[in-house]
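The block underneath contains the structure these notes are about, expressed in structure tokens.
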Amino acid sequence: MATDVRPRDPSMRPPMTPLATLIGRELRGGKSEKPAIKHGQAAFAKRGEDYFLVRPDCLRVPGDPSSSFSVFAIFDGHNGVSAAVFAKEQLLDHVMSAIPQGIAREEWLEALPRALVAGFVKTDIDFQRKGETSGTTATLVVIDGWTVTVASVGDSRCILDSQDGVVSLLTVDHRLEENVEERERVTASGGEVGRLNLCGGKEVGPLRCWPGGLCLSRSIGDTDVGEFIVPVPHVKQVKLSSAGGRLIIASDGIWDALSSEVAAKACRGVPAELAAKLVVKEALRTSGLKDDTTCLVVDIIPSVHTLVQPSPIKQQNKFRSLLFGKKSQNGAGKPNKLSSVGAVEELFEQGSAMLEERLGKNCASMETSGPLRCAICQKDQVLNDDLLVNSDDCFSPASKPWEGPYLCTDCRRKKDAMEGKRPRESTMSR
């Protein structure tokens, strides 16, 4: 797989601009008009395990067209299609149910990253209850005005081609072969990372997690692998300038064949529907149909335009340092993750697999007698003296299970299993 982009050093990142500040600027500048969203999709199937979701007409407030937002997603299944189909049908609903009702747009956007984490984890819990062993990557993109929020597990990728020609990665690839931090997390949680052993002890293929042999460190499903393969997504939220940009969301059938920059270049200057076909065509031309190959192209453009025009590459350097500074390099001289998204402002980015870091640290009060709502499954439970004495479902003053919000028994068990506190037995062996 092409590895032209890597996570940048967080210490080199300037402070993120608060969302409220950006929205205030937008309103004061008279740029509150929503962009036009144009999209296209193309796919070739080899195994038939790729699925995608296109929802351009979602509403934050039922019946209010001014509260519209769009959702696009790719699900790349493995070991069958069940997990990909389930995630396509359930994930968005679980994310939306984790956002408080009746809040303003600014608060909704601020709550979205946490809701994405809760929705991914709940989808995984619900699917694993079915007892099926398939799994899926998931890359979910939410577009509200000029704000783009991307959550992902696995190695389906979303890139942004901004109007000045700068290409940026909005996701992180969760492949054990390429992600050192994920390898360390998996082994610390009880998994074993290694290559497939053939007769005679020869090791072949990419790094995999055992038991199960999955080469990804994060996914939805995969009950036969172990719960240290987590569904906690990397989440990134950015705000585009009024010039807009193009998103390319695709399964690894594209990214195994093309770098991010080649994919963007292959479809510049054409409408989104044709652009998706051109990206797929270029991937097939480069490597043939070795895997399911699925691509969504989404143009976020001023409403008066219908086509994203290519921008002169010579102009991109003056924008490159507006947000993240210069492009970083790795030891081999290849570019790491592109450190600029042109005139785009970064609002939020978090990739930790630890739920206490993703769901916040606002603990439930032990003095309340009202219902407690699980931060993941959104189920209410009344806290009373009998429950405190007879159940491990609630916080105890003597031994708090963690420093985060309330989790019900099932969701806390899931959290503990992901962190290696309750290793799962598996019948799968290396």
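Identifiers in the structure tokens: chain A, B, ... in order shown; residue index from 1 per chain; ligand index from 1 in order shown.
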
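The neighbours of segment 345-360 of chain A here are the residues that come within 6 Å of it, using only C-alpha atoms and leaving out any residue fewer than 5 positions away in the same chain; they are Met16, Thr17, Arg114, Val232, His234, Val235, Lys236, Gln237, Val238, Lys239 and Gly404 of chain A.
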
File of the preceding selection, all heavy atoms, as a tab-separated table (two decimals), in the first residue's frame:
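Generated output (part30.tsv):
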chain	number	residue	atom	x	y	z
A	16	MET	N	-5.32	24.87	17.88
A	16	MET	CA	-6.51	24.83	17.04
A	16	MET	C	-7.41	26.01	17.37
A	16	MET	O	-7.51	26.46	18.50
A	16	MET	CB	-7.26	23.52	17.28
A	16	MET	CG	-6.46	22.28	16.92
A	16	MET	SD	-7.41	20.78	17.22
A	16	MET	CE	-6.14	19.54	16.94
A	17	THR	N	-8.12	26.49	16.35
A	17	THR	CA	-9.03	27.61	16.53
A	17	THR	C	-10.36	27.11	17.06
A	17	THR	O	-10.93	26.18	16.50
A	17	THR	CB	-9.26	28.32	15.19
A	17	THR	OG1	-8.00	28.68	14.63
A	17	THR	CG2	-10.12	29.55	15.37
A	114	ARG	N	-17.27	13.30	19.85
A	114	ARG	CA	-17.53	12.33	20.92
A	114	ARG	C	-18.64	11.36	20.52
A	114	ARG	O	-18.57	10.17	20.80
A	114	ARG	CB	-17.91	13.07	22.20
A	114	ARG	CG	-18.13	12.13	23.38
A	114	ARG	CD	-18.57	12.87	24.63
A	114	ARG	NE	-17.54	13.79	25.09
A	114	ARG	CZ	-17.62	14.48	26.22
A	114	ARG	NH1	-18.70	14.39	26.97
A	114	ARG	NH2	-16.65	15.29	26.57
A	232	VAL	N	-12.73	2.00	18.12
A	232	VAL	CA	-12.62	3.42	18.48
A	232	VAL	C	-11.99	4.17	17.31
A	232	VAL	O	-10.84	3.92	16.95
A	232	VAL	CB	-11.78	3.60	19.76
A	232	VAL	CG1	-11.72	5.08	20.14
A	232	VAL	CG2	-12.35	2.77	20.89
A	234	HIS	N	-10.36	7.11	14.75
A	234	HIS	CA	-9.64	8.37	14.64
A	234	HIS	C	-10.65	9.38	14.12
A	234	HIS	O	-11.43	9.10	13.20
A	234	HIS	CB	-8.47	8.24	13.67
A	234	HIS	CG	-7.81	9.53	13.33
A	234	HIS	ND1	-8.23	10.33	12.29
A	234	HIS	CD2	-6.75	10.18	13.88
A	234	HIS	CE1	-7.47	11.41	12.21
A	234	HIS	NE2	-6.56	11.34	13.17
A	235	VAL	N	-10.68	10.58	14.73
A	235	VAL	CA	-11.63	11.62	14.32
A	235	VAL	C	-10.87	12.90	14.03
A	235	VAL	O	-10.02	13.32	14.82
A	235	VAL	CB	-12.69	11.88	15.42
A	235	VAL	CG1	-13.66	12.98	14.96
A	235	VAL	CG2	-13.47	10.60	15.74
A	236	LYS	N	-11.20	13.50	12.91
A	236	LYS	CA	-10.60	14.79	12.54
A	236	LYS	C	-11.71	15.70	12.03
A	236	LYS	O	-12.57	15.27	11.25
A	236	LYS	CB	-9.54	14.59	11.45
A	236	LYS	CG	-8.74	15.85	11.12
A	236	LYS	CD	-7.69	15.53	10.07
A	236	LYS	CE	-6.82	16.73	9.73
A	236	LYS	NZ	-5.90	17.08	10.82
A	237	GLN	N	-11.68	16.95	12.48
A	237	GLN	CA	-12.68	17.93	12.08
A	237	GLN	C	-11.96	19.18	11.57
A	237	GLN	O	-11.08	19.71	12.25
A	237	GLN	CB	-13.59	18.29	13.26
A	237	GLN	CG	-14.78	19.17	12.90
A	237	GLN	CD	-15.68	19.39	14.11
A	237	GLN	OE1	-15.30	20.10	15.05
A	237	GLN	NE2	-16.87	18.79	14.10
A	238	VAL	N	-12.32	19.62	10.36
A	238	VAL	CA	-11.71	20.80	9.77
A	238	VAL	C	-12.79	21.71	9.22
A	238	VAL	O	-13.91	21.28	8.95
A	238	VAL	CB	-10.71	20.43	8.64
A	238	VAL	CG1	-9.57	19.59	9.17
A	238	VAL	CG2	-11.44	19.72	7.50
A	239	LYS	N	-12.43	22.98	9.03
A	239	LYS	CA	-13.34	23.95	8.42
A	239	LYS	C	-12.69	24.48	7.15
A	239	LYS	O	-11.60	25.04	7.18
A	239	LYS	CB	-13.65	25.10	9.37
A	239	LYS	CG	-14.76	26.02	8.86
A	239	LYS	CD	-15.15	27.01	9.93
A	239	LYS	CE	-16.38	27.81	9.52
A	239	LYS	NZ	-16.16	28.56	8.28
A	404	GLY	N	-14.06	8.47	33.50
A	404	GLY	CA	-14.90	9.00	32.45
A	404	GLY	C	-16.35	9.07	32.85
A	404	GLY	O	-16.70	8.89	34.01

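Using only C-alpha atoms for every distance, the candidate list A:Ala264, A:Cys209, A:Val142, A:Leu216 yields A:Val142 as the residue closest to Phe69 of chain A.
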
Strand (DSSP E or B) residues, from DSSP on the backbone, in segment 52-151 of chain A, as a PyMOL selection string: chain A and resi 52-59+68-78+135-136+138-144+147-151

Contacts of segment 219-223 of chain A at 6 Å (only C-alpha atoms; same-chain gap of 4+ positions) as a PyMOL selection string: chain A and resi 83+124+128+133-137+153-154+231

Just N, CA and C atoms for this one: save the residues we selected as a PDB file, in the first residue's frame.
ATOM      1  N   ALA A  83     -20.728  -7.688   8.576  1.00  0.00           N
ATOM      2  CA  ALA A  83     -20.336  -6.520   9.364  1.00  0.00           C
ATOM      3  C   ALA A  83     -20.471  -5.244   8.546  1.00  0.00           C
ATOM      4  N   ASP A 124     -20.232  -1.767  17.065  1.00  0.00           N
ATOM      5  CA  ASP A 124     -19.412  -2.965  17.245  1.00  0.00           C
ATOM      6  C   ASP A 124     -20.021  -3.898  18.296  1.00  0.00           C
ATOM      7  N   GLN A 128     -21.343  -7.661  17.451  1.00  0.00           N
ATOM      8  CA  GLN A 128     -20.723  -8.830  18.070  1.00  0.00           C
ATOM      9  C   GLN A 128     -21.746  -9.701  18.792  1.00  0.00           C
ATOM     10  N   THR A 133     -18.602 -13.647  12.548  1.00  0.00           N
ATOM     11  CA  THR A 133     -17.162 -13.390  12.650  1.00  0.00           C
ATOM     12  C   THR A 133     -16.622 -12.414  11.618  1.00  0.00           C
ATOM     13  N   SER A 134     -17.454 -11.855  10.763  1.00  0.00           N
ATOM     14  CA  SER A 134     -16.931 -10.930   9.759  1.00  0.00           C
ATOM     15  C   SER A 134     -16.564  -9.597  10.402  1.00  0.00           C
ATOM     16  N   GLY A 135     -15.848  -8.787   9.660  1.00  0.00           N
ATOM     17  CA  GLY A 135     -15.450  -7.472  10.145  1.00  0.00           C
ATOM     18  C   GLY A 135     -15.473  -6.474   9.012  1.00  0.00           C
ATOM     19  N   THR A 136     -15.298  -5.206   9.344  1.00  0.00           N
ATOM     20  CA  THR A 136     -15.301  -4.170   8.314  1.00  0.00           C
ATOM     21  C   THR A 136     -14.516  -2.952   8.764  1.00  0.00           C
ATOM     22  N   THR A 137     -13.892  -2.297   7.812  1.00  0.00           N
ATOM     23  CA  THR A 137     -13.399  -0.945   8.052  1.00  0.00           C
ATOM     24  C   THR A 137     -14.604  -0.009   7.978  1.00  0.00           C
ATOM     25  N   VAL A 153     -12.022   3.770  11.135  1.00  0.00           N
ATOM     26  CA  VAL A 153     -11.252   2.639  11.631  1.00  0.00           C
ATOM     27  C   VAL A 153     -10.864   1.795  10.420  1.00  0.00           C
ATOM     28  N   GLY A 154      -9.658   1.246  10.452  1.00  0.00           N
ATOM     29  CA  GLY A 154      -9.200   0.427   9.339  1.00  0.00           C
ATOM     30  C   GLY A 154      -8.334   1.203   8.381  1.00  0.00           C
ATOM     31  N   PRO A 231     -12.958  -0.732  17.924  1.00  0.00           N
ATOM     32  CA  PRO A 231     -13.756   0.070  17.001  1.00  0.00           C
ATOM     33  C   PRO A 231     -13.674   1.571  17.282  1.00  0.00           C
TER      34      PRO A 231
END

All alpha helix (DSSP H) residues (DSSP, backbone) inside segment 174-317 of chain A, as a ChimeraX atom specification: /A:180-188,252-255,260-265,272-287,317

Long-range neighbours of Asp161 of chain A as an NGL selection string, 8 Å cut-off, only C-alpha atoms, 2 positions minimum in chain: :A and (159 or 163 or 165-168 or 245-248 or 264)
